[in-house]
$ cat upload_0.tsv   # TSV, C-alpha atoms and all ligand atoms
chain	number	residue	atom	x	y	z
A	118	MET	CA	-17.21	132.10	181.68
A	119	ARG	CA	-14.75	129.52	180.35
A	120	LYS	CA	-11.55	129.32	182.36
A	121	THR	CA	-8.21	129.42	180.57
A	122	ARG	CA	-6.97	125.88	180.04
A	123	LEU	CA	-3.33	125.21	180.84
A	124	ALA	CA	-1.02	122.28	180.24
A	125	VAL	CA	2.14	122.10	182.34
A	126	PHE	CA	5.20	120.19	181.09
A	127	ALA	CA	7.72	119.14	183.75
A	128	SER	CA	10.58	116.71	184.24
A	129	GLY	CA	11.36	116.82	187.94
A	130	SER	CA	10.16	117.94	191.31
A	131	GLY	CA	7.28	120.10	190.11
A	132	SER	CA	7.31	122.95	192.64
A	133	ASN	CA	6.41	125.35	189.82
A	134	TYR	CA	3.59	123.05	188.69
A	135	GLU	CA	2.32	123.10	192.27
A	136	ALA	CA	2.53	126.90	192.48
A	137	ILE	CA	0.38	127.14	189.35
A	138	ALA	CA	-2.09	124.46	190.48
A	139	GLU	CA	-2.42	126.14	193.90
A	140	ALA	CA	-3.07	129.55	192.32
A	141	CYS	CA	-5.79	127.97	190.14
A	142	ARG	CA	-7.31	126.37	193.21
A	143	ASP	CA	-7.35	129.51	195.38
A	144	GLY	CA	-8.56	131.85	192.63
A	145	ARG	CA	-5.39	133.88	191.99
A	146	LEU	CA	-5.54	132.44	188.48
A	147	ASP	CA	-8.76	132.22	186.51
A	148	ALA	CA	-7.45	129.05	184.92
A	149	GLU	CA	-7.22	125.30	185.33
A	150	VAL	CA	-4.42	122.86	184.69
A	151	VAL	CA	-6.07	120.29	182.43
A	152	LEU	CA	-2.95	118.20	181.73
A	153	LEU	CA	0.45	117.57	183.27
A	154	VAL	CA	2.97	116.13	180.81
A	155	CYS	CA	6.13	114.51	182.18
A	156	ASP	CA	9.02	113.00	180.22
A	157	LYS	CA	10.38	111.17	183.28
A	158	PRO	CA	8.08	108.42	184.56
A	159	GLY	CA	8.59	108.32	188.33
A	160	ALA	CA	9.29	112.05	188.72
A	161	LYS	CA	7.96	113.69	191.87
A	162	VAL	CA	5.76	116.06	189.87
A	163	LEU	CA	3.48	113.11	189.06
A	164	GLU	CA	2.70	112.65	192.77
A	165	ARG	CA	1.91	116.35	193.06
A	166	ALA	CA	-0.42	116.14	190.05
A	167	LYS	CA	-2.27	113.26	191.67
A	168	ARG	CA	-2.76	115.32	194.84
A	169	TYR	CA	-4.29	118.18	192.83
A	170	GLY	CA	-6.41	115.83	190.71
A	171	THR	CA	-4.68	116.91	187.49
A	172	GLU	CA	-4.69	114.38	184.67
A	173	SER	CA	-1.13	113.40	183.86
A	174	PHE	CA	0.67	111.78	180.97
A	175	ALA	CA	4.16	110.37	181.53
A	176	PHE	CA	6.19	109.15	178.59
A	177	THR	CA	9.72	108.06	177.76
A	178	PRO	CA	11.05	109.97	174.74
A	179	LYS	CA	13.32	107.06	173.77
A	180	ASP	CA	10.25	104.91	173.15
A	181	TYR	CA	9.45	107.11	170.14
A	182	GLU	CA	11.25	107.27	166.82
A	183	SER	CA	11.81	111.01	167.01
A	184	ARG	CA	10.89	114.25	168.75
A	185	GLU	CA	8.34	114.82	165.99
A	186	ALA	CA	6.72	111.48	166.78
A	187	TYR	CA	6.15	112.14	170.48
A	188	GLU	CA	5.27	115.78	169.96
A	189	THR	CA	2.59	114.72	167.49
A	190	VAL	CA	1.06	112.57	170.24
A	191	LEU	CA	1.33	115.46	172.73
A	192	ALA	CA	-0.17	117.97	170.28
A	193	THR	CA	-3.20	115.72	169.79
A	194	MET	CA	-3.66	115.46	173.57
A	195	LEU	CA	-3.44	119.24	173.92
A	196	ASP	CA	-5.91	119.80	171.08
A	197	GLU	CA	-8.38	117.28	172.51
A	198	ARG	CA	-8.35	119.08	175.85
A	199	GLY	CA	-8.71	122.56	174.36
A	200	VAL	CA	-5.45	123.78	175.85
A	201	ASP	CA	-4.86	127.54	175.53
A	202	TYR	CA	-1.31	127.77	176.90
A	203	VAL	CA	1.53	125.33	177.57
A	204	CYS	CA	3.68	126.22	180.58
A	205	LEU	CA	7.10	124.59	180.71
A	206	ALA	CA	8.06	124.19	184.35
A	207	GLY	CA	11.39	122.44	184.61
A	208	TYR	CA	10.77	120.55	181.33
A	209	MET	CA	14.37	119.77	180.44
A	210	ARG	CA	13.92	119.34	176.72
A	211	ILE	CA	13.99	121.46	173.59
A	212	VAL	CA	10.52	121.97	172.12
A	213	GLY	CA	10.40	121.08	168.43
A	214	LYS	CA	8.57	122.47	165.48
A	215	VAL	CA	5.47	120.26	165.78
A	216	LEU	CA	4.46	121.92	169.05
A	217	LEU	CA	5.94	125.34	168.26
A	218	GLU	CA	3.94	125.63	165.04
A	219	ARG	CA	0.71	124.31	166.51
A	220	TYR	CA	0.96	126.45	169.66
A	221	GLU	CA	2.71	129.48	168.26
A	222	GLN	CA	3.21	132.19	170.92
A	223	ARG	CA	1.32	129.97	173.35
A	224	ILE	CA	4.23	128.09	174.92
A	225	VAL	CA	6.07	129.75	177.80
A	226	ASN	CA	8.98	128.72	180.00
A	227	ILE	CA	10.48	129.68	183.33
A	228	HIS	CA	14.22	129.69	183.90
A	229	PRO	CA	16.23	130.35	187.09
A	230	SER	CA	18.47	133.13	185.78
A	231	LEU	CA	18.22	136.62	184.39
A	232	LEU	CA	18.14	135.62	180.73
A	233	PRO	CA	19.85	135.85	178.34
A	234	SER	CA	22.59	135.03	180.85
A	235	PHE	CA	23.13	131.48	182.07
A	236	LYS	CA	20.95	129.31	179.88
A	237	GLY	CA	20.87	125.55	180.41
A	238	ALA	CA	20.32	123.01	183.12
A	239	HIS	CA	22.74	124.40	185.75
A	240	ALA	CA	21.92	128.08	185.65
A	241	ILE	CA	22.19	128.83	189.36
A	242	GLN	CA	25.47	126.97	189.81
A	243	ASP	CA	26.90	128.56	186.65
A	244	ALA	CA	25.97	132.06	187.83
A	245	VAL	CA	27.54	131.48	191.27
A	246	GLU	CA	30.75	130.23	189.67
A	247	TYR	CA	30.84	133.34	187.48
A	248	GLY	CA	30.69	135.54	190.58
A	249	VAL	CA	27.21	136.92	189.97
A	250	LYS	CA	25.63	138.98	192.76
A	251	ILE	CA	22.21	139.75	191.24
A	252	PHE	CA	20.25	136.55	190.64
A	253	GLY	CA	16.75	135.97	189.46
A	254	ALA	CA	14.27	134.18	187.29
A	255	THR	CA	12.76	134.83	183.87
A	256	THR	CA	9.60	133.83	182.07
A	257	HIS	CA	9.66	133.90	178.28
A	258	PHE	CA	7.93	132.72	175.15
A	259	VAL	CA	9.57	129.58	173.83
A	260	ASP	CA	11.39	129.28	170.54
A	261	GLU	CA	13.43	126.41	169.10
A	262	THR	CA	16.57	127.32	171.05
A	263	LEU	CA	17.63	126.42	174.60
A	264	ASP	CA	15.91	128.85	177.02
A	265	GLY	CA	15.39	131.24	174.10
A	266	GLY	CA	12.49	133.51	173.13
A	267	ARG	CA	11.10	136.92	173.98
A	268	ILE	CA	11.12	137.73	177.70
A	269	ILE	CA	7.80	138.29	179.48
A	270	ASP	CA	8.75	138.89	183.14
A	271	GLN	CA	11.78	138.87	185.40
A	272	GLY	CA	12.32	138.93	189.14
A	273	ALA	CA	15.66	139.55	190.85
A	274	ILE	CA	17.45	139.44	194.19
A	275	VAL	CA	20.84	140.52	195.44
A	276	TYR	CA	22.63	137.58	197.07
A	277	GLU	CA	26.20	137.76	198.30
A	278	GLY	CA	26.30	134.60	200.40
A	279	ASN	CA	27.73	131.24	199.39
A	280	ASP	CA	25.00	128.81	200.33
A	281	ILE	CA	23.69	127.35	197.06
A	282	GLU	CA	20.78	125.64	198.75
A	283	GLU	CA	19.61	128.86	200.37
A	284	LEU	CA	20.03	130.72	197.08
A	285	THR	CA	18.13	128.04	195.16
A	286	ASN	CA	15.24	128.28	197.61
A	287	LEU	CA	15.18	132.07	197.27
A	288	ILE	CA	15.10	131.81	193.47
A	289	HIS	CA	12.38	129.16	193.56
A	290	ALA	CA	10.27	131.46	195.73
A	291	ILE	CA	10.67	134.18	193.09
A	292	GLU	CA	9.74	131.73	190.35
A	293	HIS	CA	6.54	130.62	192.03
A	294	LYS	CA	5.21	134.19	192.19
A	295	LEU	CA	6.58	135.13	188.78
A	296	TYR	CA	4.88	132.28	186.95
A	297	VAL	CA	1.48	133.21	188.39
A	298	LYS	CA	2.04	136.86	187.37
A	299	THR	CA	3.00	135.79	183.85
A	300	ILE	CA	0.04	133.45	183.40
A	301	ASN	CA	-2.25	136.29	184.51
A	302	LYS	CA	-0.72	138.41	181.76
A	303	LEU	CA	-1.38	135.64	179.24
A	304	ILE	CA	-4.98	135.29	180.40
A	305	ASN	CA	-5.52	139.03	180.09
A	306	LYS	CA	-3.48	139.24	176.87
A	307	LYS	CA	-1.23	141.90	178.44
A	308	PHE	CA	2.23	140.99	177.28
B	401	LIG	C1	13.06	125.51	188.02
B	401	LIG	O1	14.00	126.25	188.74
B	401	LIG	C2	13.03	125.96	186.57
B	401	LIG	O2	13.24	127.32	186.41
B	401	LIG	C3	14.18	125.16	186.00
B	401	LIG	O3	14.00	123.90	186.57
B	401	LIG	C4	13.50	124.06	187.89
B	401	LIG	C5	12.35	123.10	188.07
B	401	LIG	O4	11.94	123.10	189.40
B	401	LIG	N1	14.14	125.16	184.57
B	401	LIG	C6	15.22	125.24	183.82
B	401	LIG	O5	16.36	125.23	184.26
B	401	LIG	C7	14.95	125.32	182.32
B	401	LIG	N2	16.15	125.50	181.62
B	401	LIG	P1	10.52	122.48	189.80
B	401	LIG	O6	10.47	121.07	189.18
B	401	LIG	O7	10.54	122.40	191.29
B	401	LIG	O8	9.44	123.36	189.27
$ encode --input "upload_0.tsv" --output "structure tokens"
Amino acid sequence: MRKTRLAVFASGSGSNYEAIAEACRDGRLDAEVVLLVCDKPGAKVLERAKRYGTESFAFTPKDYESREAYETVLATMLDERGVDYVCLAGYMRIVGKVLLERYEQRIVNIHPSLLPSFKGAHAIQDAVEYGVKIFGATTHFVDETLDGGRIIDQGAIVYEGNDIEELTNLIHAIEHKLYVKTINKLINKKF
């Protein structure tokens, strides 16, 4: 039977990409990552993609006239590869209407907070500064707003220490399991 075809979009280290690729490899996900899209040429995620044999496409948004222009290129690449779902994994950009319309309800994101609290690029730091004690991660469908859209799954931990690095590692560990759980829901249409 045809495996579910995923594209992962990332901007940085790519530990979530790797968690997904590893789960595809070891059979926890009946899926394959057919494309890794990265808006930061040189990002570490590109090395990880090479190690897993995933085709990658790195681009510089500034080289295009507009978001619509580069998303049109990306949409064509996704279509050509028969992508079923797009997984944003540390893709630090708003998704525009070209992709949202073409892949309606088929683009998901992961974020290191219990949404709708602490949206944005510094969620963990912001939550610590606010005095939060229950941290976590959220997967959600993507809409046109920053870290917005209907929630699919959440995972949480109580943390009362003050070591941001330790906390970040704990949250990343939650994310890696959570994303696999969420993609399984997408594959089985149970969301
Ligand atoms: C992850 O913690 C992800 O939730 C976050 O970026 C990190 C990427 O890590 N995304 C956001 O903050 C989206 N607003 P990774 O490159 O190691 O997967």
$ residues_near_ligand --input "upload_0.tsv" --ligand "ligand LIG 401 (chain B)" --cutoff "10 Å" --atoms "all atoms listed in the file" --output "PyMOL selection string"
chain A and resi 126-137+160-162+205-211+226-230+235-241+253-256+263-265+285-286+288-293+296
$ residues_around --input "upload_0.tsv" --residues "Thr189 in chain A" --least-positions-apart "6" --cutoff "12 Å" --atoms "only C-alpha atoms" --output "PyMOL selection string"
chain A and resi 181-183+195-196+212-219
$ atom_distance --input "upload_0.tsv" --atom1 "CA of Lys179 in chain A" --atom2 "CA of Ala138 in chain A"
28.6 Å
$ residues_around --input "upload_0.tsv" --residues "Val245 in chain A" --least-positions-apart "3" --cutoff "10 Å" --atoms "all atoms listed in the file" --output "ChimeraX atom specification"
/A:240-242,248-252,276-281,284
$ write_last_selection --input "upload_0.tsv" --atoms "C-alpha atoms" --output "tab-separated table (two decimals), in the frame of the given file"
chain	number	residue	atom	x	y	z
A	240	ALA	CA	21.92	128.08	185.65
A	241	ILE	CA	22.19	128.83	189.36
A	242	GLN	CA	25.47	126.97	189.81
A	248	GLY	CA	30.69	135.54	190.58
A	249	VAL	CA	27.21	136.92	189.97
A	250	LYS	CA	25.63	138.98	192.76
A	251	ILE	CA	22.21	139.75	191.24
A	252	PHE	CA	20.25	136.55	190.64
A	276	TYR	CA	22.63	137.58	197.07
A	277	GLU	CA	26.20	137.76	198.30
A	278	GLY	CA	26.30	134.60	200.40
A	279	ASN	CA	27.73	131.24	199.39
A	280	ASP	CA	25.00	128.81	200.33
A	281	ILE	CA	23.69	127.35	197.06
A	284	LEU	CA	20.03	130.72	197.08
$ atom_distance --input "upload_0.tsv" --atom1 "CA of Leu153 in chain A" --atom2 "CA of Pro233 in chain A"
27.1 Å
$ axis_aligned_box --input "upload_0.tsv" --around "range 255-274 of chain A" --padding-each-side "6 Å" --output "JSON"
{"center_x": 12.7, "center_y": 133.0, "center_z": 181.6, "size_x": 21.8, "size_y": 25.1, "size_z": 37.1}
$ atom_distance --input "upload_0.tsv" --atom1 "CA of Gln222 in chain A" --atom2 "CA of Arg267 in chain A"
9.7 Å
$ residues_near_point --input "upload_0.tsv" --point "(14.3, 139.0, 183.4)" --cutoff "6 Å" --atoms "all atoms listed in the file" --output "JSON, numbers by chain"
{"A": [231, 232, 255, 270, 271]}
$ closest_residue --input "upload_0.tsv" --among "A:Asp201, A:Glu185, A:Asp243, A:Glu139" --to "Thr121 in chain A" --atoms "only C-alpha atoms"
A:Asp201
